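J.: Got a structure for you, structure.cif, holding mmCIF, C-alpha atoms.
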```
data_my_file
#
loop_
_atom_site.label_atom_id
_atom_site.label_comp_id
_atom_site.auth_asym_id
_atom_site.auth_seq_id
_atom_site.Cartn_x
_atom_site.Cartn_y
_atom_site.Cartn_z
CA MET A 1 25.16 43.17 -40.26
CA ARG A 2 22.24 45.12 -38.83
CA ILE A 3 22.41 44.62 -35.07
CA LEU A 4 19.78 45.61 -32.51
CA LEU A 5 21.12 45.97 -28.95
CA GLY A 6 18.58 46.16 -26.12
CA LEU A 7 19.11 47.18 -22.49
CA THR A 8 17.32 49.15 -19.77
CA TYR A 9 19.76 52.04 -19.23
CA TYR A 10 22.12 53.61 -21.75
CA ARG A 11 24.11 56.83 -21.85
CA PRO A 12 24.20 59.24 -20.10
CA HIS A 13 23.55 56.67 -17.33
CA VAL A 14 26.79 55.16 -16.01
CA SER A 15 27.13 51.53 -14.91
CA GLY A 16 29.25 48.54 -15.82
CA LEU A 17 26.46 47.18 -18.02
CA THR A 18 26.05 50.51 -19.82
CA ILE A 19 29.79 50.81 -20.41
CA TYR A 20 29.91 47.24 -21.74
CA VAL A 21 27.18 47.86 -24.32
CA GLU A 22 28.58 51.28 -25.23
CA ARG A 23 31.98 49.76 -26.01
CA LEU A 24 30.44 46.88 -27.95
CA ALA A 25 28.25 49.26 -29.97
CA ARG A 26 31.12 51.61 -30.77
CA GLU A 27 33.43 48.81 -31.90
CA LEU A 28 30.73 47.15 -34.03
CA VAL A 29 30.06 50.49 -35.74
CA GLU A 30 33.78 50.93 -36.42
CA ARG A 31 33.78 47.50 -38.07
CA GLY A 32 31.12 48.62 -40.51
CA HIS A 33 27.97 47.21 -38.88
CA GLN A 34 24.70 49.11 -38.55
CA VAL A 35 23.90 49.31 -34.83
CA THR A 36 20.70 50.40 -33.09
CA VAL A 37 20.39 50.62 -29.29
CA LEU A 38 16.88 50.16 -27.87
CA THR A 39 16.68 51.50 -24.34
CA SER A 40 14.57 53.50 -21.89
CA GLN A 41 13.90 57.23 -21.81
CA TYR A 42 14.57 57.07 -18.09
CA GLU A 43 14.72 60.87 -17.85
CA LYS A 44 12.09 62.87 -19.74
CA HIS A 45 14.61 65.42 -21.01
CA LEU A 46 16.51 62.75 -22.95
CA PRO A 47 15.82 62.73 -26.71
CA LYS A 48 13.71 59.87 -28.03
CA GLU A 49 16.27 59.31 -30.78
CA GLU A 50 19.88 60.37 -31.29
CA ILE A 51 23.18 59.15 -32.71
CA ILE A 52 25.93 58.28 -30.20
CA ASP A 53 29.32 57.18 -31.56
CA GLY A 54 27.68 56.18 -34.83
CA ALA A 55 24.96 54.02 -33.23
CA ARG A 56 21.30 55.00 -33.44
CA VAL A 57 19.82 55.21 -29.95
CA VAL A 58 16.04 54.75 -29.64
CA ARG A 59 14.56 55.53 -26.23
CA VAL A 60 11.16 54.20 -25.15
CA PRO A 61 9.01 56.33 -22.81
CA VAL A 62 8.84 55.17 -19.19
CA ALA A 63 5.42 54.93 -17.52
CA PHE A 64 6.74 54.43 -13.98
CA ARG A 65 9.56 52.92 -11.94
CA ILE A 66 9.69 49.82 -9.78
CA SER A 67 12.73 50.01 -7.52
CA LYS A 68 15.71 50.36 -9.93
CA GLY A 69 13.70 49.11 -12.90
CA VAL A 70 11.42 50.91 -15.34
CA ILE A 71 8.14 49.92 -16.96
CA MET A 72 7.83 50.68 -20.68
CA PRO A 73 4.35 49.65 -21.94
CA THR A 74 5.23 50.45 -25.57
CA LEU A 75 8.55 48.59 -25.61
CA GLY A 76 7.08 45.66 -27.52
CA VAL A 77 5.72 47.94 -30.25
CA HIS A 78 9.06 49.67 -30.68
CA ALA A 79 10.90 46.34 -30.60
CA MET A 80 8.71 44.75 -33.29
CA ARG A 81 9.16 47.75 -35.57
CA LEU A 82 12.94 47.65 -35.19
CA ILE A 83 13.38 43.87 -35.30
CA ARG A 84 11.90 43.79 -38.82
CA HIS A 85 14.84 45.85 -40.03
CA HIS A 86 17.66 44.03 -38.20
CA ASP A 87 19.48 40.76 -38.75
CA VAL A 88 20.11 39.90 -35.11
CA VAL A 89 18.89 40.93 -31.65
CA SER A 90 21.36 41.21 -28.75
CA LEU A 91 19.63 41.75 -25.39
CA HIS A 92 21.55 42.67 -22.26
CA LEU A 93 20.04 41.44 -19.00
CA PRO A 94 18.86 41.92 -16.30
CA MET A 95 16.07 43.78 -18.08
CA PHE A 96 12.52 43.88 -16.74
CA ASP A 97 10.91 43.73 -20.19
CA ALA A 98 13.38 41.37 -21.87
CA PHE A 99 10.67 38.79 -22.51
CA SER A 100 8.58 41.19 -24.62
CA VAL A 101 11.56 41.72 -26.95
CA ALA A 102 12.72 38.10 -26.99
CA VAL A 103 9.27 36.77 -27.87
CA ARG A 104 9.10 39.14 -30.84
CA GLY A 105 12.55 38.07 -31.94
CA ARG A 106 11.45 34.44 -31.87
CA ALA A 107 8.15 35.22 -33.65
CA SER A 108 9.95 37.05 -36.46
CA GLY A 109 12.61 34.36 -36.86
CA THR A 110 15.37 36.83 -36.01
CA PRO A 111 18.29 35.25 -34.08
CA THR A 112 18.16 36.47 -30.48
CA ILE A 113 21.13 36.43 -28.12
CA LEU A 114 21.09 37.33 -24.44
CA THR A 115 24.17 38.63 -22.68
CA TYR A 116 23.53 37.95 -19.02
CA HIS A 117 25.48 40.47 -16.98
CA CYS A 118 24.38 39.45 -13.50
CA ASP A 119 21.69 38.07 -11.23
CA LEU A 120 19.75 41.01 -9.85
CA GLN A 121 19.75 41.24 -6.07
CA LEU A 122 17.93 44.25 -4.63
CA PRO A 123 18.24 45.45 -1.01
CA PRO A 124 16.29 43.53 1.68
CA GLY A 125 12.54 43.97 2.00
CA LEU A 126 9.36 42.18 0.95
CA PHE A 127 8.69 44.55 -1.92
CA ASN A 128 12.20 44.21 -3.34
CA ARG A 129 12.01 40.43 -3.00
CA ALA A 130 8.83 40.47 -5.06
CA VAL A 131 10.53 42.65 -7.68
CA ASP A 132 13.53 40.30 -7.71
CA GLN A 133 11.28 37.33 -8.38
CA ALA A 134 9.30 39.11 -11.08
CA ILE A 135 12.43 40.18 -12.95
CA HIS A 136 13.99 36.74 -12.58
CA ALA A 137 10.84 35.14 -14.00
CA GLY A 138 10.87 37.51 -16.98
CA ASN A 139 14.58 37.00 -17.60
CA SER A 140 14.15 33.22 -17.34
CA ALA A 141 11.36 33.32 -19.91
CA ALA A 142 13.57 35.37 -22.22
CA ALA A 143 16.40 32.87 -21.72
CA ARG A 144 14.15 30.00 -22.79
CA LEU A 145 13.32 31.86 -26.02
CA ALA A 146 16.89 32.93 -26.80
CA ASP A 147 19.04 31.11 -29.30
CA ARG A 148 22.23 31.62 -27.27
CA ILE A 149 23.24 33.18 -23.93
CA VAL A 150 26.55 34.95 -23.43
CA ALA A 151 28.25 34.83 -20.01
CA TYR A 152 31.41 36.64 -18.93
CA THR A 153 33.03 33.58 -17.29
CA GLU A 154 32.47 29.88 -16.68
CA ASP A 155 32.81 30.66 -12.97
CA TYR A 156 29.78 32.93 -12.96
CA ALA A 157 27.80 30.70 -15.32
CA THR A 158 28.24 27.80 -12.90
CA HIS A 159 26.97 29.76 -9.91
CA SER A 160 24.27 32.01 -11.38
CA ARG A 161 20.77 30.88 -10.51
CA LEU A 162 19.62 31.65 -14.07
CA LEU A 163 22.63 30.64 -16.13
CA ARG A 164 23.05 27.22 -14.57
CA GLN A 165 19.55 26.34 -15.81
CA HIS A 166 20.57 26.99 -19.42
CA ARG A 167 24.10 25.58 -19.64
CA GLN A 168 23.50 24.08 -23.09
CA LYS A 169 22.92 27.54 -24.54
CA ILE A 170 25.88 29.33 -22.97
CA THR A 171 28.80 30.84 -24.84
CA VAL A 172 31.52 32.43 -22.70
CA ILE A 173 32.86 35.73 -24.08
CA PRO A 174 35.10 37.92 -21.89
CA PRO A 175 33.83 41.50 -21.54
CA PRO A 176 35.14 44.35 -23.71
CA VAL A 177 37.87 46.28 -21.91
CA VAL A 178 39.23 49.58 -23.21
CA MET A 179 41.87 51.52 -21.28
CA PRO A 180 44.72 53.59 -22.76
CA ALA A 181 48.05 53.44 -20.96
CA PRO A 182 48.64 56.33 -18.54
CA THR A 183 51.44 58.76 -19.27
CA PRO A 184 53.79 59.84 -16.45
CA GLU A 185 52.87 63.48 -17.12
CA ALA A 186 49.13 62.81 -16.79
CA VAL A 187 49.63 60.82 -13.59
CA ASP A 188 51.79 63.55 -12.06
CA SER A 189 49.20 66.17 -12.97
CA PHE A 190 46.36 64.12 -11.50
CA ARG A 191 48.27 63.49 -8.28
CA ASN A 192 49.11 67.18 -7.94
CA ASN A 193 45.54 68.28 -8.61
CA HIS A 194 44.19 65.93 -5.93
CA GLY A 195 46.91 66.42 -3.33
CA LEU A 196 48.20 62.86 -3.50
CA GLU A 197 51.93 63.50 -3.23
CA GLY A 198 53.45 61.42 -0.44
CA ARG A 199 50.17 59.62 0.23
CA THR A 200 49.11 55.98 0.04
CA VAL A 201 46.12 55.90 -2.30
CA ILE A 202 43.30 53.35 -2.49
CA GLY A 203 40.82 53.72 -5.33
CA ILE A 204 37.23 52.71 -5.94
CA ALA A 205 35.63 53.02 -9.39
CA ALA A 206 31.91 52.35 -9.15
CA ARG A 207 28.41 53.69 -8.72
CA PHE A 208 27.67 54.55 -5.11
CA SER A 209 25.33 51.63 -4.44
CA ALA A 210 24.67 49.05 -1.76
CA GLU A 211 25.81 46.06 -3.80
CA LYS A 212 29.28 47.62 -4.08
CA GLY A 213 29.85 47.03 -0.35
CA ILE A 214 31.38 50.48 0.18
CA GLU A 215 30.79 50.33 3.93
CA HIS A 216 33.29 47.47 4.23
CA LEU A 217 36.11 49.65 2.95
CA VAL A 218 34.92 52.41 5.29
CA ASP A 219 35.18 49.92 8.16
CA ALA A 220 38.63 48.77 7.00
CA ILE A 221 40.16 52.25 7.02
CA PRO A 222 40.67 52.48 10.84
CA ARG A 223 42.59 49.19 10.64
CA LEU A 224 44.85 50.64 7.92
CA LEU A 225 45.51 54.10 9.37
CA PRO A 226 48.01 53.04 12.08
CA ARG A 227 50.30 51.65 9.37
CA TYR A 228 49.37 54.17 6.66
CA PRO A 229 48.51 57.44 8.44
CA ASP A 230 48.67 59.31 5.11
CA LEU A 231 46.02 57.03 3.59
CA LYS A 232 43.66 58.50 0.99
CA VAL A 233 40.65 56.86 -0.66
CA LEU A 234 39.55 58.24 -4.04
CA PHE A 235 36.05 57.33 -5.19
CA ALA A 236 35.52 57.71 -8.95
CA GLY A 237 31.99 57.37 -10.28
CA PRO A 238 28.49 58.73 -9.74
CA TYR A 239 27.80 59.23 -6.03
CA GLU A 240 24.86 61.63 -5.91
CA HIS A 241 21.32 60.98 -7.12
CA VAL A 242 22.13 57.38 -8.07
CA ILE A 243 18.87 55.66 -8.98
CA GLY A 244 17.56 53.64 -6.03
CA GLU A 245 20.54 54.40 -3.76
CA GLU A 246 19.58 57.62 -1.97
CA ALA A 247 18.87 55.88 1.35
CA TYR A 248 22.17 53.97 1.19
CA ARG A 249 24.20 57.12 0.61
CA HIS A 250 22.33 58.96 3.37
CA ARG A 251 23.11 56.10 5.77
CA LEU A 252 26.84 56.16 5.00
CA LYS A 253 27.29 59.92 4.77
CA PRO A 254 28.05 60.55 8.50
CA ARG A 255 30.72 57.84 8.49
CA LEU A 256 32.29 59.21 5.33
CA ASP A 257 32.24 62.74 6.71
CA ALA A 258 34.03 61.46 9.83
CA LEU A 259 36.93 60.25 7.67
CA GLY A 260 37.70 63.82 6.69
CA ASP A 261 40.65 64.12 4.32
CA HIS A 262 41.07 60.34 4.13
CA TRP A 263 38.15 60.08 1.66
CA SER A 264 37.42 62.11 -1.48
CA PHE A 265 34.92 61.88 -4.32
CA VAL A 266 36.28 62.78 -7.75
CA GLY A 267 33.01 62.24 -9.65
CA THR A 268 32.44 60.47 -12.94
CA LEU A 269 35.63 60.67 -14.98
CA ARG A 270 35.81 60.75 -18.76
CA LEU A 271 37.70 57.92 -20.44
CA ALA A 272 40.57 60.31 -21.14
CA MET A 273 40.96 60.92 -17.39
CA LEU A 274 40.70 57.32 -16.21
CA PRO A 275 44.28 56.21 -17.03
CA ALA A 276 45.67 59.01 -14.84
CA PHE A 277 43.23 58.06 -12.07
CA TYR A 278 44.17 54.38 -12.13
CA GLY A 279 47.85 55.20 -12.55
CA SER A 280 47.73 57.37 -9.41
CA LEU A 281 46.53 54.50 -7.21
CA ASP A 282 48.56 52.10 -5.13
CA VAL A 283 45.70 49.61 -5.15
CA LEU A 284 42.11 49.38 -6.41
CA ALA A 285 39.48 47.91 -4.08
CA LEU A 286 36.47 46.07 -5.46
CA THR A 287 34.32 45.31 -2.43
CA SER A 288 31.08 44.07 -4.00
CA VAL A 289 28.92 41.84 -1.84
CA ASN A 290 26.48 39.91 -4.05
CA SER A 291 25.72 38.42 -7.45
CA THR A 292 24.77 41.79 -8.91
CA GLU A 293 28.52 42.03 -9.56
CA SER A 294 29.61 39.31 -11.96
CA PHE A 295 33.05 40.49 -13.07
CA GLY A 296 34.08 44.10 -12.43
CA LEU A 297 35.44 45.68 -15.60
CA VAL A 298 37.27 48.24 -13.49
CA GLN A 299 39.64 45.54 -12.26
CA VAL A 300 41.09 44.96 -15.71
CA GLU A 301 41.11 48.69 -16.44
CA ALA A 302 43.24 49.25 -13.32
CA MET A 303 45.55 46.35 -14.18
CA LEU A 304 46.12 47.78 -17.66
CA CYS A 305 47.36 50.92 -15.91
CA GLY A 306 49.73 48.95 -13.68
CA THR A 307 47.58 49.02 -10.55
CA PRO A 308 46.93 45.80 -8.55
CA VAL A 309 43.50 44.92 -7.20
CA VAL A 310 41.96 43.56 -4.01
CA ALA A 311 38.63 41.97 -4.93
CA SER A 312 35.79 40.14 -3.21
CA ASN A 313 35.69 36.36 -3.50
CA LEU A 314 32.53 36.30 -5.60
CA PRO A 315 31.89 34.07 -8.64
CA GLY A 316 33.19 35.89 -11.70
CA VAL A 317 34.58 38.80 -9.68
CA ARG A 318 37.53 36.71 -8.50
CA GLN A 319 38.51 35.77 -12.05
CA PRO A 320 40.63 38.78 -13.16
CA VAL A 321 42.90 38.48 -10.11
CA THR A 322 42.95 34.68 -10.37
CA VAL A 323 43.82 34.75 -14.07
CA THR A 324 46.48 37.46 -13.86
CA GLY A 325 47.82 37.08 -10.31
CA MET A 326 47.73 40.87 -10.09
CA GLY A 327 46.27 41.29 -6.60
CA LYS A 328 44.47 39.50 -3.81
CA VAL A 329 41.05 37.88 -3.47
CA VAL A 330 39.47 38.34 -0.03
CA PRO A 331 36.30 37.06 1.69
CA VAL A 332 33.07 38.90 0.94
CA ALA A 333 31.86 41.60 3.38
CA ASP A 334 34.82 41.03 5.69
CA SER A 335 36.47 44.33 6.66
CA PRO A 336 39.39 42.79 8.61
CA ALA A 337 40.21 40.47 5.68
CA LEU A 338 39.91 43.40 3.28
CA ALA A 339 42.37 45.41 5.37
CA GLU A 340 44.77 42.43 5.41
CA GLY A 341 44.53 42.02 1.64
CA ILE A 342 45.19 45.70 1.02
CA THR A 343 48.13 45.62 3.44
CA ALA A 344 49.60 42.57 1.68
CA VAL A 345 49.52 44.33 -1.69
CA LEU A 346 50.83 47.64 -0.33
CA SER A 347 53.64 45.88 1.54
CA ASP A 348 54.96 43.98 -1.48
CA PRO A 349 53.69 45.64 -4.69
CA ALA A 350 56.34 44.00 -6.92
CA THR A 351 54.80 40.58 -6.26
CA TYR A 352 51.54 41.73 -7.81
CA ARG A 353 52.85 43.60 -10.84
CA ARG A 354 52.33 42.27 -14.37
CA THR A 355 53.14 43.81 -17.72
CA ARG A 356 50.45 45.54 -19.74
CA GLU A 357 51.06 43.00 -22.51
CA GLU A 358 50.14 40.14 -20.18
CA ILE A 359 46.85 41.79 -19.24
CA GLU A 360 46.03 42.67 -22.86
CA HIS A 361 46.65 39.07 -23.86
CA ALA A 362 44.15 37.84 -21.26
CA TYR A 363 41.51 40.50 -22.01
CA ASP A 364 41.61 41.57 -25.64
CA LEU A 365 38.90 43.88 -27.03
CA ASP A 366 39.36 42.67 -30.59
CA ALA A 367 38.91 39.04 -29.51
CA THR A 368 35.74 39.93 -27.58
CA VAL A 369 34.05 41.74 -30.47
CA SER A 370 35.20 39.13 -32.98
CA SER A 371 33.58 36.45 -30.79
CA TYR A 372 30.29 38.36 -30.92
CA GLU A 373 30.56 38.71 -34.70
CA ARG A 374 31.17 34.96 -35.12
CA LEU A 375 28.24 34.16 -32.83
CA PHE A 376 25.92 36.50 -34.73
CA ASP A 377 27.06 35.12 -38.08
CA THR A 378 26.68 31.49 -36.98
CA LEU A 379 23.13 32.06 -35.74
CA MET A 380 22.15 34.00 -38.86
CA THR A 381 23.49 31.18 -41.04
CA SER A 382 21.59 28.58 -39.01
CA GLN A 383 18.40 30.62 -39.17
CA ALA A 384 18.73 31.03 -42.93
CA ALA A 385 19.20 27.28 -43.31
CA ARG A 386 16.10 26.59 -41.19
CA SER A 387 14.11 29.05 -43.28
CA ARG A 388 15.20 27.35 -46.51
CA ARG A 389 14.23 23.92 -45.13
CA ALA A 390 10.85 25.22 -43.99
CA LYS A 391 10.23 26.79 -47.38
CA ARG A 392 11.10 23.55 -49.22
CA ALA A 393 8.81 21.59 -46.89
CA GLU A 394 6.00 24.04 -47.54
CA GLN A 395 6.53 23.83 -51.30
CA LYS A 396 6.54 20.04 -51.11
CA GLN A 397 3.23 19.99 -49.22
CA THR A 398 1.73 22.41 -51.74
CA THR A 399 2.87 20.19 -54.62
CA VAL A 400 1.39 17.08 -52.99
#
```
Take the structure from the file and write it as structure tokens.
T.:
Amino acid sequence: MRILLGLTYYRPHVSGLTIYVERLARELVERGHQVTVLTSQYEKHLPKEEIIDGARVVRVPVAFRISKGVIMPTLGVHAMRLIRHHDVVSLHLPMFDAFSVAVRGRASGTPTILTYHCDLQLPPGLFNRAVDQAIHAGNSAAARLADRIVAYTEDYATHSRLLRQHRQKITVIPPPVVMPAPTPEAVDSFRNNHGLEGRTVIGIAARFSAEKGIEHLVDAIPRLLPRYPDLKVLFAGPYEHVIGEEAYRHRLKPRLDALGDHWSFVGTLRLAMLPAFYGSLDVLALTSVNSTESFGLVQVEAMLCGTPVVASNLPGVRQPVTVTGMGKVVPVADSPALAEGITAVLSDPATYRRTREEIEHAYDLDATVSSYERLFDTLMTSQAARSRRAKRAEQKQTTV
């Protein structure tokens, strides 16, 4: 199959959505498919075309930014050129210009699938509210044109303001999760390098952004220190120059500085380093506060490394813990409840342990990619049948 994947940000940008598409693209290439990624040239130094893990990446110039989004006036031109040479279009939303690609997919008769990663919810403010509404309108228009819409979970599909309007089109496919098992040697090395011996370690794996609710863990730490005076929080992920989050980081910086040795940033870790990071934790905290988080891939990654999770009670986000029993679900934006949940897991870790095999059975990469392949194949077959019927009807009218 020739598959066109479309999304706003791709590598080297790091986010859950980017990682999702990167894993999907890599696995599809390994299965023999021809994959093209259509995305933004969000930094001018990025090449307009390159090959990453066997997938062709085409970047469209950006005219200007609106909040966290980008405006690409020539996206439609690039999309039309590429769609002609692909069998299926797979768009990953939220995406400001999704409609311009979806309408060209529909016009060309190419099956178009949306994977809806989350409802966008920008920080408060009249301008951001206007941006929210504009992007929602564009995504809704794209959803009306799409042949099918992929959601991570039924839970999120039921609660999403966009997905619940298109229930008849929804196919639920769990997200692609890739995480090698940590080795004892790698974990020991990581713990030594970061001074973790004899310490209770809480981890966060995320972009430093407002929707991640980082301040609620910051507020929970004073409640945890009397019981765990050796407490250490490790933050893995981009934390400087995160698009649209400079003011948020500036606001939290004094409070983080005041925590001293109880908080450390380890930066964005390569996949090879992540098992040792997760394996070094006593618990992973996922403190997201709104619908911008719809699942949290990092939860399953941590579980695959034997680490339990304390997660916010958000639609979709609560599913990994609910399905596996490997952690606690706590109220959203509630620092005391977060501290209680972390304490419960730290006090009785055996209760929240599951085998790697159990987690792999619930979240299997092969099953995820195979589900996409079946969906693509089904839609291509249906489209081919429609084309044959239309051609016969046209021939019949010509004969008459």
J.: Once the PyMOL selection byres ((chain A and resi 118-128) around 7) has been applied to the shown file, what residues remain in the selection, as a list of chain:residue names?
T.: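 Applying the expression gives A:Pro94, A:Tyr116, A:His117, A:Arg129, A:Ala130, A:Val131, A:Asp132, A:Ser160, A:Ser291, A:Thr292, A:Glu293, A:Ser294.
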J.: Using only C-alpha atoms, pick whichever of A:Gly138, A:Gly105, A:Pro175, A:Gly279 has the shortest atom-to-atom distance to Asp188 of chain A.
T.: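 Closest to Asp188 of chain A, using only C-alpha atoms: A:Gly279.
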J.: Here is a test: counting all atoms listed in the file, which residue of A:Ala142, A:Ala350, A:Leu217, A:Ala385 is nearest to Ala311 of chain A?
T.: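 Looking only at the distances to Ala311 of chain A, the closest residue turns out to be A:Leu217.
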J.: Which neighbours of His86 of chain A fall inside 7 Å, counting all atoms listed in the file, when residues of the same chain fewer than 3 positions from it are skipped, and could you give them as an MDAnalysis selection string?
T.: chainID A and resid 2:4 82:83
J.: Generate the output file for the selected residues, C-alpha atoms, as an mmCIF file, in the coordinates of the input.
T.:
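And here's result14.cif as it stands now:
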```cif
data_model
loop_
_atom_site.group_PDB
_atom_site.id
_atom_site.type_symbol
_atom_site.label_atom_id
_atom_site.label_comp_id
_atom_site.auth_asym_id
_atom_site.auth_seq_id
_atom_site.Cartn_x
_atom_site.Cartn_y
_atom_site.Cartn_z
ATOM 1 C CA ARG A 2 22.240 45.120 -38.830
ATOM 2 C CA ILE A 3 22.410 44.620 -35.070
ATOM 3 C CA LEU A 4 19.780 45.610 -32.510
ATOM 4 C CA LEU A 82 12.940 47.650 -35.190
ATOM 5 C CA ILE A 83 13.380 43.870 -35.300
#
```
J.: Expand the PyMOL selection byres ((chain A and resi 57) around 10) into the individual residues it matches in the shown file, reporting them as a PyMOL selection string.
T.: chain A and resi 4-6+10-11+35-40+47-56+58-60
J.: I'd like to see the residues matched by the PyMOL selection byres ((chain A and resi 231) around 7) on this file, and ideally I'd get them as a list in words.
T.: Arg199, Thr200, Val201, Leu225, Tyr228, Pro229, Asp230, Lys232, Val233 and His262 of chain A
J.: Using all atoms listed in the file, which residue out of A:Met303, A:Val242, A:Ile214, A:Met80 lies closest to Ser67 of chain A?
T.: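 Checking each of A:Met303, A:Val242, A:Ile214, A:Met80 against Ser67 of chain A, counting all atoms listed in the file, the winner is A:Val242.
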J.: Neighbours of segment 317-325 of chain A within 7 Å (all atoms listed in the file; same-chain residues fewer than 4 positions away dropped), as a ChimeraX atom specification?
T.: /A:293-296,299-300,311-313,329,352,359
J.: For Ser280 of chain A, which of A:Ala337, A:Ala186, A:Ala362, A:Val309 is the closest residue, counting only C-alpha atoms?
T.: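 The closest residue to Ser280 of chain A is A:Ala186.
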J.: One number please: atom CA of Ile170 of chain A to atom CA of Arg148 of chain A, in Å, one decimal.
T.: 6.1 Å
J.: In Å to one decimal, how far is atom CA of Gly316 of chain A from atom CA of Pro238 of chain A?
T.: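 These two atoms are separated by 23.4 Å.
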